[in-house]
2 protein chains.
Amino acid sequence: MEPSLLLKYARGDTPADLLLHNARVINIFTGEIIPTHVAIAHSRVVGLGDYRAEETIDLGGSYLAPGFIDAHVHIESALVPPGEFARLVAPRGTTTVITDPHEIANVLGLDGIRFMFDSAKYGPVSMYVMASSCVPATNMETNGAVLHWYDLVSLQNDPWVLGLAEVMNFPGVVHGEAEVLDKLRIFKDSVIDGHCPGLTGKALQAYAAVGIGSDHECTTVEEAQEKLRLGLAIFIREATNARNLKTLLPLVTPLNHHRISFCTDDRQPADLLDEGHIDFMVRTAIAQGMDPITALRLATWNPANHFRLYDRGAVTPGRRADLIVFDDLQAPRPRLVFRGGQLVAQDGVALTPRRELPRSVRGTMNVAWDQVDIRIPAEGRRARVIGAIPDQLVTRHLVEDIPVSEGLAQTDPDRDIAKMVVIERHQYSGRVGKGFVKGVGLRKGAIASSVAHDHHNIVAIGADDASILTATRRAAKLGGGMVVTVGEQVLAEVPLTLAGLMSTEPVEVVRGQVDRAIAAAHELGSPLHDPFMAMSFMALEVIPSLKLTDRGLVDVEKFEIVPLWVS
Amino acid sequence: MEPSLLLKYARGDTPADLLLHNARVINIFTGEIIPTHVAIAHSRVVGLGDYRAEETIDLGGSYLAPGFIDAHVHIESALVPPGEFARLVAPRGTTTVITDPHEIANVLGLDGIRFMFDSAKYGPVSMYVMASSCVPATNMETNGAVLHWYDLVSLQNDPWVLGLAEVMNFPGVVHGEAEVLDKLRIFKDSVIDGHCPGLTGKALQAYAAVGIGSDHECTTVEEAQEKLRLGLAIFIREATNARNLKTLLPLVTPLNHHRISFCTDDRQPADLLDEGHIDFMVRTAIAQGMDPITALRLATWNPANHFRLYDRGAVTPGRRADLIVFDDLQAPRPRLVFRGGQLVAQDGVALTPRRELPRSVRGTMNVAWDQVDIRIPAEGRRARVIGAIPDQLVTRHLVEDIPVSEGLAQTDPDRDIAKMVVIERHQYSGRVGKGFVKGVGLRKGAIASSVAHDHHNIVAIGADDASILTATRRAAKLGGGMVVTVGEQVLAEVPLTLAGLMSTEPVEVVRGQVDRAIAAAHELGSPLHDPFMAMSFMALEVIPSLKLTDRGLVDVEKFEIVPLWVS
């Protein structure tokens, strides 16, 4: 809005568009709760107090606070694109998200990031992007795109790009790899997010010294405190597969709370629907004893200030009218949500219509099936085996006897030894990584998925080759997805046609499909809470101990590819 | 420093330049005091802990904190240029100042600002500039330069320019004057400082709405609290002539302290030498009961964060080694001061040599003496008279009988009615503003000065015309300065040859000259604490009630020029 017009509204010379009458406004700067009225014109709050307006809504004394901001989220983990994600989180009070479109960037590179932008536009949530810094994660995998520093330059002047996303290659930073430093260099005047689980001492100091400004991987108060001391902002995370909130709450004190924000990182549809988003973190923090004003700050002004989004995060004249209205200060549940002065959700329901996808993304199931061979010739008796650990992303590095028949290595369901394959799906290479996994519990059949961090090749685990082939071929035929099979029969499937990562369906539909797929995997014998998620991280070669990519087994401690067979 | 090199130091692979051994480091982020060692290389802190270094200084357990930052200061008020000012404040722990070169800009425009930059370069203090927003203050005066928005554009890309300086024309903002809005527009993505004494309600909301981000004019906690609520950062000020510190300290709470900084605005040499600079504010705040860590935050990280100077304000790897060392946490007096890793002051003494002035500024005493006529024809019996109020910048608007002799209005020392003149000194116009003042107390003689806010014409007050002419002519002949005379005799003088505002002498010399000039004025009968300062603000037509510029008497309430004589 032109300042000259904004001033007319603020002075009260021109009636505002909307007056939210009789609110208890959370003042994020002073910590006060102030009974007043909030005048809105165009996208902005224009004044607090007695103002005339074209329309008035009586809030009856409800609380009014700034909309929530997620400091770090990978939208792809919700299995729906940004437009649908926004429909899901806006009713939960989220009006701004800082995203790292890391998953789709690994499949489609800059095209993927542009798709995310297009899908987010004109929706009920402001989506800002941090430029993905680690695409691909390592050179021990095949992914769909490489983002060099000169590719990231093309994002730099986009007003929706705030900086460089979580620099996960922390060894590369600490050791000063040229490519990593080049990426830091081009974003040196912007915000740079960190990701350095467990990094400590001089290595952590080196990591902080080059301008990395945050971390969201802390799992203990001590770890977070060491990082806070070095000036890293701490994003407390409550992801589906990494729940740090309750553990880290004791970190927050009056003296340091302005350096701390909330983020969700990765949340699946079921958790978003059942628990919520940042609102869930706010309620949980308060329930655990945090002062409500402090909890609201961690969800609003703190991330706004960190990301230099000075136009939001507080309810003051001139700032965006991104607002939530709720009735219980001890457990805020937004009953009204405004974004830019528009009512976008009411009583938990999004008021914005589902939008057409802005444009289709190209097909990403580029598999040379005629070259794919998932058989494993027996080249020994004992093999390295990935050992699943329930509810953890790390795995064990086991060595087990493997049965052999007709010169081929076999699975052994009685000993819970299944076959795992990673079929390259970006470059028609026909390459297949092959190995064995213990602890997934499949008595028969197979599960397959095109979600496999971070390269997102087609990963499958099965008790027999026929089931694995049916599942992986079906996943590819769908254009991407999650599949459960027995022999030639498909038991359940979740089509993920957008880059093999996201669905075109409403999130409620996706959630039902995922529930059924997990249930089918449970029926095949898996005791894991979510065998698909467990599998998707068994392909990620930067988390210990033994992982499988299309290029083979990776010993993460040694950071090198190792043979399947132990001599 | 190149990140690749910084990393070598941080990892400890390469010995640092300097190790400050055995320090108690104030951690500005966590509020902790941590016993450790601080390694420095080039201009940066490179690590905390055990590091090898070329040189080691044992601090013997002294406290170590970030250097102080003055959030808002007019260096000209110290009557010395930035290089000398830095020699003065560096020993007091100041390593960064955010300045508004408003006084010299009113005399010399952009040339004056460039002079300030040149004088500050390579000194012991980082001088950042906010672009002066109100040059001239109003059109009821003649000053030396006009800075339009398109003039300020030329400063915008200077790395030492952080934004737009205090927008004193708050009525212009509130009413949306085009020129003011243009200045806001070009700095909309930068920091914009405010100045809005007493502004409240909807007018204040309008002022805040257009992006003004701070205020340093609060005189009560209530005023500051209203501004804090609107998202304005509060700079608590302790100037020579506006002492708000003790009054405002109760404002600061754990919940809001991160929104508050310290500033000095205007401090004269004597106060800087006798009391100190930001260090004085820190000590005073602690003595008044503020927690020392909080006081240090208001003087370091808070202004750094506000002005987006993310490279300083904390002692962490990668940030500038702007550091102070002191022994008493309850009354910090820096015994060592480092700027960019260099020791610049020790035990209250600057270690950097006095520098040659980078270049002279042109002469600014452009007075058409042949046209100057300070006689006042008697056009009535009763005249408007400026009424001085001790220790205040505001004046009374009086009406008094004026003696007449030979058709000319006369002074009346017995009734404490003196003559005041403002002689235009920028444009050879010969224009003289003439009037009377009551309460300055001169029994005989005159005082004159080329420091007269904000236009800095030659202002004088005297008991007789001869003394006034001697004083003003002498001030001009000096190239600017403060002068005390009786008849044709000069009793004392302070040469201020740099734009008529600042001296080329060391600050200790200037302080002695000023003391003698004030003493001489006292001997002439003035009871005012500092009659020169009182006089310099009697020419400032934006502070109530009755003021005198070269264009005549200004009724500040009416905001217009009014006749001397009352009909």
# chains A, B, ... in the order shown; residues from 1 in each chain; ligands from 1
call {"tool": "residues_around", "arguments": {"residues": "stretch 510-514 of chain A", "least_positions_apart": "2", "cutoff": "6 Å", "atoms": "only C-alpha atoms", "output": "PyMOL selection string"}}
result
chain A and resi 269-270+494+507-508+516-517
call {"tool": "write_last_selection", "arguments": {"atoms": "N, CA and C atoms", "output": "mmCIF file, in the first residue's frame"}}
result
data_model
loop_
_atom_site.group_PDB
_atom_site.id
_atom_site.type_symbol
_atom_site.label_atom_id
_atom_site.label_comp_id
_atom_site.auth_asym_id
_atom_site.auth_seq_id
_atom_site.Cartn_x
_atom_site.Cartn_y
_atom_site.Cartn_z
ATOM 1 N N PRO A 269 1.273 -36.089 6.756
ATOM 2 C CA PRO A 269 -0.135 -35.659 6.776
ATOM 3 C C PRO A 269 -0.862 -36.026 8.065
ATOM 4 N N ALA A 270 -0.661 -37.234 8.558
ATOM 5 C CA ALA A 270 -1.424 -37.655 9.744
ATOM 6 C C ALA A 270 -1.106 -36.765 10.944
ATOM 7 N N VAL A 494 -0.168 -45.367 -2.896
ATOM 8 C CA VAL A 494 -0.331 -43.912 -2.707
ATOM 9 C C VAL A 494 0.303 -43.239 -3.922
ATOM 10 N N VAL A 507 -5.215 -33.464 0.991
ATOM 11 C CA VAL A 507 -4.364 -34.081 1.994
ATOM 12 C C VAL A 507 -5.119 -35.148 2.781
ATOM 13 N N GLU A 508 -6.421 -34.958 2.964
ATOM 14 C CA GLU A 508 -7.189 -35.957 3.719
ATOM 15 C C GLU A 508 -7.209 -37.286 2.965
ATOM 16 N N ARG A 516 -3.660 -46.721 4.810
ATOM 17 C CA ARG A 516 -3.941 -48.064 4.281
ATOM 18 C C ARG A 516 -2.658 -48.767 3.845
ATOM 19 N N ALA A 517 -1.731 -48.015 3.282
ATOM 20 C CA ALA A 517 -0.471 -48.631 2.856
ATOM 21 C C ALA A 517 0.317 -49.135 4.063
#
call {"tool": "interface_residues", "arguments": {"of": "chain A", "to": "chain B", "cutoff": "6 Å", "atoms": "only C-alpha atoms", "output": "PyMOL selection string"}}
result
chain A and resi 3-4+7+10-11+29-30+176+202+206+209-210+229-230+254+256+316-318
call {"tool": "residues_around", "arguments": {"residues": "A:His216", "least_positions_apart": "3", "cutoff": "10 Å", "atoms": "only C-alpha atoms", "output": "PDB file with N, CA, C and O atoms, in the first residue's frame"}}
result
ATOM      1  N   ALA A  71       9.768 -21.706  11.052  1.00  0.00           N
ATOM      2  CA  ALA A  71      11.106 -21.229  10.705  1.00  0.00           C
ATOM      3  C   ALA A  71      11.855 -22.152   9.750  1.00  0.00           C
ATOM      4  O   ALA A  71      12.852 -21.735   9.148  1.00  0.00           O
ATOM      5  N   HIS A  72      11.381 -23.385   9.621  1.00  0.00           N
ATOM      6  CA  HIS A  72      12.103 -24.319   8.730  1.00  0.00           C
ATOM      7  C   HIS A  72      11.236 -25.530   8.450  1.00  0.00           C
ATOM      8  O   HIS A  72      10.968 -26.332   9.357  1.00  0.00           O
ATOM      9  N   GLU A 166      19.545 -24.871   5.073  1.00  0.00           N
ATOM     10  CA  GLU A 166      20.370 -25.653   5.999  1.00  0.00           C
ATOM     11  C   GLU A 166      21.596 -26.269   5.320  1.00  0.00           C
ATOM     12  O   GLU A 166      21.477 -27.097   4.442  1.00  0.00           O
ATOM     13  N   ASP A 193      21.013 -20.749   6.958  1.00  0.00           N
ATOM     14  CA  ASP A 193      20.578 -21.690   7.989  1.00  0.00           C
ATOM     15  C   ASP A 193      21.566 -22.836   8.121  1.00  0.00           C
ATOM     16  O   ASP A 193      22.167 -23.266   7.135  1.00  0.00           O
ATOM     17  N   GLY A 194      21.690 -23.310   9.343  1.00  0.00           N
ATOM     18  CA  GLY A 194      22.592 -24.409   9.615  1.00  0.00           C
ATOM     19  C   GLY A 194      21.868 -25.726   9.863  1.00  0.00           C
ATOM     20  O   GLY A 194      20.637 -25.790   9.961  1.00  0.00           O
ATOM     21  N   HIS A 195      22.657 -26.772   9.930  1.00  0.00           N
ATOM     22  CA  HIS A 195      22.193 -28.137  10.227  1.00  0.00           C
ATOM     23  C   HIS A 195      23.445 -28.888  10.634  1.00  0.00           C
ATOM     24  O   HIS A 195      24.237 -29.255   9.778  1.00  0.00           O
ATOM     25  N   CYS A 196      23.655 -29.028  11.936  1.00  0.00           N
ATOM     26  CA  CYS A 196      24.921 -29.629  12.380  1.00  0.00           C
ATOM     27  C   CYS A 196      24.694 -30.463  13.627  1.00  0.00           C
ATOM     28  O   CYS A 196      25.204 -30.145  14.700  1.00  0.00           O
ATOM     29  N   PRO A 197      23.953 -31.583  13.486  1.00  0.00           N
ATOM     30  CA  PRO A 197      23.667 -32.411  14.661  1.00  0.00           C
ATOM     31  C   PRO A 197      24.947 -32.867  15.339  1.00  0.00           C
ATOM     32  O   PRO A 197      25.842 -33.410  14.693  1.00  0.00           O
ATOM     33  N   THR A 219      19.373 -31.945  19.977  1.00  0.00           N
ATOM     34  CA  THR A 219      18.576 -32.969  20.650  1.00  0.00           C
ATOM     35  C   THR A 219      18.740 -32.920  22.169  1.00  0.00           C
ATOM     36  O   THR A 219      18.047 -33.646  22.869  1.00  0.00           O
ATOM     37  N   ALA A 224      22.149 -27.394  22.497  1.00  0.00           N
ATOM     38  CA  ALA A 224      21.552 -26.113  22.090  1.00  0.00           C
ATOM     39  C   ALA A 224      22.241 -24.936  22.767  1.00  0.00           C
ATOM     40  O   ALA A 224      22.473 -23.889  22.159  1.00  0.00           O
ATOM     41  N   LEU A 232      24.336 -18.803  17.227  1.00  0.00           N
ATOM     42  CA  LEU A 232      23.377 -19.474  16.357  1.00  0.00           C
ATOM     43  C   LEU A 232      21.985 -19.328  16.969  1.00  0.00           C
ATOM     44  O   LEU A 232      21.801 -19.571  18.153  1.00  0.00           O
ATOM     45  N   ALA A 233      21.028 -18.912  16.145  1.00  0.00           N
ATOM     46  CA  ALA A 233      19.639 -18.969  16.591  1.00  0.00           C
ATOM     47  C   ALA A 233      19.235 -20.436  16.639  1.00  0.00           C
ATOM     48  O   ALA A 233      19.684 -21.239  15.816  1.00  0.00           O
ATOM     49  N   ILE A 234      18.426 -20.777  17.625  1.00  0.00           N
ATOM     50  CA  ILE A 234      17.987 -22.169  17.760  1.00  0.00           C
ATOM     51  C   ILE A 234      16.532 -22.285  17.315  1.00  0.00           C
ATOM     52  O   ILE A 234      15.669 -21.555  17.795  1.00  0.00           O
ATOM     53  N   PHE A 235      16.294 -23.179  16.342  1.00  0.00           N
ATOM     54  CA  PHE A 235      14.928 -23.517  15.972  1.00  0.00           C
ATOM     55  C   PHE A 235      14.607 -24.843  16.661  1.00  0.00           C
ATOM     56  O   PHE A 235      15.206 -25.871  16.346  1.00  0.00           O
ATOM     57  N   ILE A 236      13.669 -24.793  17.595  1.00  0.00           N
ATOM     58  CA  ILE A 236      13.237 -26.031  18.254  1.00  0.00           C
ATOM     59  C   ILE A 236      12.291 -26.766  17.305  1.00  0.00           C
ATOM     60  O   ILE A 236      11.337 -26.187  16.808  1.00  0.00           O
ATOM     61  N   ARG A 237      12.583 -28.044  17.079  1.00  0.00           N
ATOM     62  CA  ARG A 237      11.883 -28.799  16.039  1.00  0.00           C
ATOM     63  C   ARG A 237      10.957 -29.850  16.630  1.00  0.00           C
ATOM     64  O   ARG A 237      11.315 -30.528  17.584  1.00  0.00           O
ATOM     65  N   GLU A 238       9.805 -29.968  16.045  1.00  0.00           N
ATOM     66  CA  GLU A 238       8.912 -31.086  16.385  1.00  0.00           C
ATOM     67  C   GLU A 238       8.431 -31.691  15.073  1.00  0.00           C
ATOM     68  O   GLU A 238       7.365 -31.356  14.543  1.00  0.00           O
ATOM     69  N   ASN A 244      11.847 -32.988  19.276  1.00  0.00           N
ATOM     70  CA  ASN A 244      12.791 -32.392  20.221  1.00  0.00           C
ATOM     71  C   ASN A 244      12.130 -31.396  21.166  1.00  0.00           C
ATOM     72  O   ASN A 244      12.789 -30.854  22.054  1.00  0.00           O
ATOM     73  N   ILE A 260      15.307 -17.804  19.957  1.00  0.00           N
ATOM     74  CA  ILE A 260      14.778 -19.162  19.755  1.00  0.00           C
ATOM     75  C   ILE A 260      13.447 -19.105  19.012  1.00  0.00           C
ATOM     76  O   ILE A 260      12.613 -18.246  19.287  1.00  0.00           O
ATOM     77  N   SER A 261      13.269 -20.017  18.064  1.00  0.00           N
ATOM     78  CA  SER A 261      12.024 -20.103  17.293  1.00  0.00           C
ATOM     79  C   SER A 261      11.558 -21.554  17.236  1.00  0.00           C
ATOM     80  O   SER A 261      12.270 -22.465  17.640  1.00  0.00           O
ATOM     81  N   PHE A 262      10.335 -21.723  16.722  1.00  0.00           N
ATOM     82  CA  PHE A 262       9.792 -23.063  16.501  1.00  0.00           C
ATOM     83  C   PHE A 262       9.887 -23.429  15.016  1.00  0.00           C
ATOM     84  O   PHE A 262       9.735 -22.563  14.144  1.00  0.00           O
ATOM     85  N   CYS A 263      10.094 -24.717  14.737  1.00  0.00           N
ATOM     86  CA  CYS A 263       9.992 -25.197  13.350  1.00  0.00           C
ATOM     87  C   CYS A 263       9.515 -26.633  13.357  1.00  0.00           C
ATOM     88  O   CYS A 263       9.570 -27.315  14.385  1.00  0.00           O
ATOM     89  N   THR A 264       9.027 -27.094  12.186  1.00  0.00           N
ATOM     90  CA  THR A 264       8.510 -28.470  12.105  1.00  0.00           C
ATOM     91  C   THR A 264       9.349 -29.371  11.215  1.00  0.00           C
ATOM     92  O   THR A 264       9.199 -30.591  11.292  1.00  0.00           O
ATOM     93  N   ASP A 265      10.159 -28.809  10.339  1.00  0.00           N
ATOM     94  CA  ASP A 265      11.099 -29.582   9.513  1.00  0.00           C
ATOM     95  C   ASP A 265      10.376 -30.559   8.582  1.00  0.00           C
ATOM     96  O   ASP A 265      10.239 -30.278   7.391  1.00  0.00           O
TER      97      ASP A 265
END
call {"tool": "residues_around", "arguments": {"residues": "B:Gly430", "least_positions_apart": "2", "cutoff": "9 Å", "atoms": "only C-alpha atoms", "output": "list of chain:residue names"}}
result
B:Val367, B:Ala368, B:Trp369, B:Asp370, B:Gln371, B:Val372, B:Asp373, B:Ile423, B:Glu424, B:Arg425, B:Gln427, B:Tyr428, B:Val432
call {"tool": "write_last_selection", "arguments": {"atoms": "N, CA, C and O atoms", "output": "short mmCIF file (atom, residue, chain, number, x, y, z; two decimals), in the first residue's frame"}}
result
data_model
loop_
_atom_site.label_atom_id
_atom_site.label_comp_id
_atom_site.auth_asym_id
_atom_site.auth_seq_id
_atom_site.Cartn_x
_atom_site.Cartn_y
_atom_site.Cartn_z
N VAL B 367 29.56 35.98 5.19
CA VAL B 367 28.72 37.05 5.72
C VAL B 367 28.98 38.33 4.92
O VAL B 367 30.12 38.73 4.73
N ALA B 368 27.91 38.95 4.44
CA ALA B 368 28.02 40.24 3.75
C ALA B 368 27.99 41.35 4.79
O ALA B 368 26.96 41.96 5.05
N TRP B 369 29.17 41.60 5.40
CA TRP B 369 29.20 42.51 6.55
C TRP B 369 28.74 43.93 6.18
O TRP B 369 28.18 44.64 7.01
N ASP B 370 28.99 44.32 4.90
CA ASP B 370 28.60 45.68 4.53
C ASP B 370 27.10 45.87 4.55
O ASP B 370 26.61 47.00 4.60
N GLN B 371 26.35 44.76 4.53
CA GLN B 371 24.89 44.89 4.58
C GLN B 371 24.32 44.58 5.96
O GLN B 371 23.13 44.74 6.19
N VAL B 372 25.19 44.08 6.83
CA VAL B 372 24.68 43.68 8.15
C VAL B 372 24.38 44.92 8.99
O VAL B 372 25.24 45.76 9.21
N ASP B 373 23.15 45.00 9.42
CA ASP B 373 22.72 46.12 10.26
C ASP B 373 21.96 45.52 11.44
O ASP B 373 20.88 44.95 11.27
N ILE B 423 22.83 36.27 12.38
CA ILE B 423 23.41 36.80 11.14
C ILE B 423 23.64 35.66 10.16
O ILE B 423 24.39 34.72 10.47
N GLU B 424 22.98 35.75 9.03
CA GLU B 424 23.07 34.69 8.01
C GLU B 424 24.51 34.57 7.55
O GLU B 424 25.15 35.57 7.22
N ARG B 425 25.04 33.35 7.50
CA ARG B 425 26.46 33.19 7.20
C ARG B 425 26.73 32.16 6.10
O ARG B 425 27.82 31.64 5.96
N GLN B 427 25.07 32.48 2.68
CA GLN B 427 24.77 32.92 1.32
C GLN B 427 25.06 34.41 1.08
O GLN B 427 24.52 34.97 0.12
N TYR B 428 25.84 35.06 1.92
CA TYR B 428 26.16 36.48 1.74
C TYR B 428 24.92 37.32 1.56
O TYR B 428 24.92 38.27 0.77
N VAL B 432 19.75 39.67 8.70
CA VAL B 432 19.91 39.57 10.14
C VAL B 432 18.53 39.44 10.79
O VAL B 432 17.66 40.28 10.56
#
call {"tool": "atom_distance", "arguments": {"atom1": "atom CA of B:Arg382", "atom2": "atom CA of B:Thr411"}}
result
12.7 Å
call {"tool": "residues_around", "arguments": {"residues": "stretch 468-473 of chain A", "least_positions_apart": "6", "cutoff": "9 Å", "atoms": "only C-alpha atoms", "output": "ChimeraX atom specification"}}
result
/A:369,374,419-421,423,445-450,458-462,482-490
call {"tool": "select_by_dssp", "arguments": {"residues": "stretch 133-266 of chain B", "states": "strand (DSSP E or B)", "output": "ChimeraX atom specification"}}
result
/B:161-167,191-194,214-215,233-238,243,260-263,265
call {"tool": "select_by_dssp", "arguments": {"residues": "stretch 268-338 of chain B", "states": "alpha helix (DSSP H)", "output": "list in words"}}
result
Pro269, Ala270, Asp271, Leu272, Leu273, Asp274, Ile278, Asp279, Phe280, Met281, Val282, Arg283, Thr284, Ala285, Ile286, Ala287, Pro292, Ile293, Thr294, Ala295, Leu296, Arg297, Leu298, Trp301, Asn302, Pro303, Ala304, Asn305 and His306 of chain B
call {"tool": "write_last_selection", "arguments": {"atoms": "N, CA, C and O atoms", "output": "compact mmCIF listing (two decimals), in the first residue's frame"}}
result
# COMPACT_ATOMS: atom_id res chain seq x y z
N PRO B 269 32.22 18.24 25.14
CA PRO B 269 33.52 17.73 25.55
C PRO B 269 33.64 17.49 27.06
O PRO B 269 34.16 16.46 27.49
N ALA B 270 33.14 18.43 27.86
CA ALA B 270 33.32 18.28 29.31
C ALA B 270 32.63 17.03 29.82
O ALA B 270 33.19 16.29 30.64
N ASP B 271 31.41 16.76 29.34
CA ASP B 271 30.70 15.56 29.81
C ASP B 271 31.38 14.29 29.33
O ASP B 271 31.45 13.29 30.05
N LEU B 272 31.85 14.32 28.09
CA LEU B 272 32.55 13.14 27.58
C LEU B 272 33.82 12.87 28.37
O LEU B 272 34.14 11.73 28.68
N LEU B 273 34.52 13.94 28.69
CA LEU B 273 35.78 13.76 29.42
C LEU B 273 35.55 13.41 30.89
O LEU B 273 36.24 12.57 31.45
N ASP B 274 34.58 14.05 31.51
CA ASP B 274 34.39 13.87 32.96
C ASP B 274 33.53 12.65 33.29
O ASP B 274 33.83 11.91 34.22
N ILE B 278 29.12 5.88 26.30
CA ILE B 278 28.19 4.77 26.58
C ILE B 278 28.59 4.07 27.88
O ILE B 278 27.74 3.58 28.63
N ASP B 279 29.89 4.01 28.17
CA ASP B 279 30.35 3.39 29.42
C ASP B 279 29.72 4.06 30.64
O ASP B 279 29.35 3.38 31.61
N PHE B 280 29.55 5.36 30.56
CA PHE B 280 28.91 6.10 31.65
C PHE B 280 27.46 5.64 31.81
O PHE B 280 26.96 5.45 32.94
N MET B 281 26.77 5.42 30.69
CA MET B 281 25.38 4.96 30.76
C MET B 281 25.31 3.56 31.36
O MET B 281 24.41 3.26 32.16
N VAL B 282 26.24 2.69 30.96
CA VAL B 282 26.26 1.33 31.50
C VAL B 282 26.48 1.37 33.02
O VAL B 282 25.76 0.72 33.78
N ARG B 283 27.46 2.13 33.44
CA ARG B 283 27.75 2.20 34.89
C ARG B 283 26.56 2.78 35.64
O ARG B 283 26.19 2.29 36.71
N THR B 284 25.98 3.84 35.08
CA THR B 284 24.84 4.46 35.76
C THR B 284 23.67 3.48 35.86
O THR B 284 23.03 3.36 36.91
N ALA B 285 23.40 2.78 34.78
CA ALA B 285 22.28 1.83 34.79
C ALA B 285 22.50 0.75 35.84
O ALA B 285 21.58 0.39 36.58
N ILE B 286 23.72 0.23 35.91
CA ILE B 286 24.01 -0.82 36.90
C ILE B 286 23.90 -0.24 38.31
O ILE B 286 23.31 -0.86 39.21
N ALA B 287 24.44 0.96 38.50
CA ALA B 287 24.36 1.59 39.82
C ALA B 287 22.91 1.80 40.25
O ALA B 287 22.58 1.78 41.44
N PRO B 292 23.90 -6.26 35.29
CA PRO B 292 25.00 -5.86 34.41
C PRO B 292 24.93 -6.47 33.00
O PRO B 292 25.25 -5.79 32.03
N ILE B 293 24.50 -7.72 32.90
CA ILE B 293 24.43 -8.35 31.57
C ILE B 293 23.41 -7.60 30.71
O ILE B 293 23.64 -7.34 29.53
N THR B 294 22.29 -7.26 31.31
CA THR B 294 21.27 -6.51 30.57
C THR B 294 21.82 -5.16 30.12
O THR B 294 21.67 -4.75 28.97
N ALA B 295 22.50 -4.46 31.03
CA ALA B 295 23.08 -3.17 30.68
C ALA B 295 24.07 -3.31 29.53
O ALA B 295 24.07 -2.49 28.60
N LEU B 296 24.88 -4.36 29.57
CA LEU B 296 25.85 -4.57 28.49
C LEU B 296 25.15 -4.89 27.17
O LEU B 296 25.58 -4.47 26.10
N ARG B 297 24.04 -5.63 27.25
CA ARG B 297 23.29 -5.91 26.02
C ARG B 297 22.76 -4.63 25.37
O ARG B 297 22.80 -4.48 24.15
N LEU B 298 22.24 -3.72 26.20
CA LEU B 298 21.71 -2.46 25.66
C LEU B 298 22.79 -1.65 24.97
O LEU B 298 22.51 -0.75 24.18
N TRP B 301 24.89 -5.83 21.70
CA TRP B 301 24.15 -6.62 20.72
C TRP B 301 22.84 -5.96 20.30
O TRP B 301 22.45 -6.02 19.12
N ASN B 302 22.14 -5.33 21.23
CA ASN B 302 20.84 -4.76 20.85
C ASN B 302 20.98 -3.73 19.73
O ASN B 302 20.28 -3.83 18.72
N PRO B 303 21.86 -2.72 19.86
CA PRO B 303 22.01 -1.81 18.71
C PRO B 303 22.58 -2.52 17.47
O PRO B 303 22.19 -2.19 16.35
N ALA B 304 23.49 -3.49 17.66
CA ALA B 304 24.02 -4.21 16.49
C ALA B 304 22.90 -4.89 15.73
O ALA B 304 22.79 -4.79 14.50
N ASN B 305 22.03 -5.57 16.46
CA ASN B 305 20.92 -6.27 15.84
C ASN B 305 19.96 -5.28 15.18
O ASN B 305 19.50 -5.48 14.06
N HIS B 306 19.67 -4.18 15.88
CA HIS B 306 18.74 -3.19 15.32
C HIS B 306 19.25 -2.64 14.00
O HIS B 306 18.49 -2.49 13.04
call {"tool": "residues_around", "arguments": {"residues": "A:Glu557", "least_positions_apart": "5", "cutoff": "12 Å", "atoms": "only C-alpha atoms", "output": "CSV table (one decimal) with C-alpha atoms, in the first residue's frame"}}
result
chain,number,residue,atom,x,y,z
A,394,VAL,CA,20.3,-44.4,12.2
A,395,THR,CA,20.9,-48.1,11.3
A,396,ARG,CA,23.1,-50.9,12.5
A,397,HIS,CA,25.9,-52.2,10.4
A,541,GLU,CA,24.0,-42.0,3.0
A,542,VAL,CA,24.7,-39.1,5.4
A,543,ILE,CA,23.1,-40.7,8.5
A,544,PRO,CA,24.9,-43.6,10.1
A,545,SER,CA,25.7,-46.4,10.0
A,546,LEU,CA,25.0,-48.6,6.9
A,547,LYS,CA,22.9,-47.3,4.0
A,562,VAL,CA,31.7,-50.9,0.6
call {"tool": "residues_around", "arguments": {"residues": "A:Glu379", "least_positions_apart": "5", "cutoff": "10 Å", "atoms": "only C-alpha atoms", "output": "ChimeraX atom specification"}}
result
/A:404,407-409,564-567
call {"tool": "closest_residue", "arguments": {"among": "A:Lys434, A:Thr95, A:Pro66, A:Gly552", "to": "A:Ala345", "atoms": "only C-alpha atoms"}}
result
A:Thr95
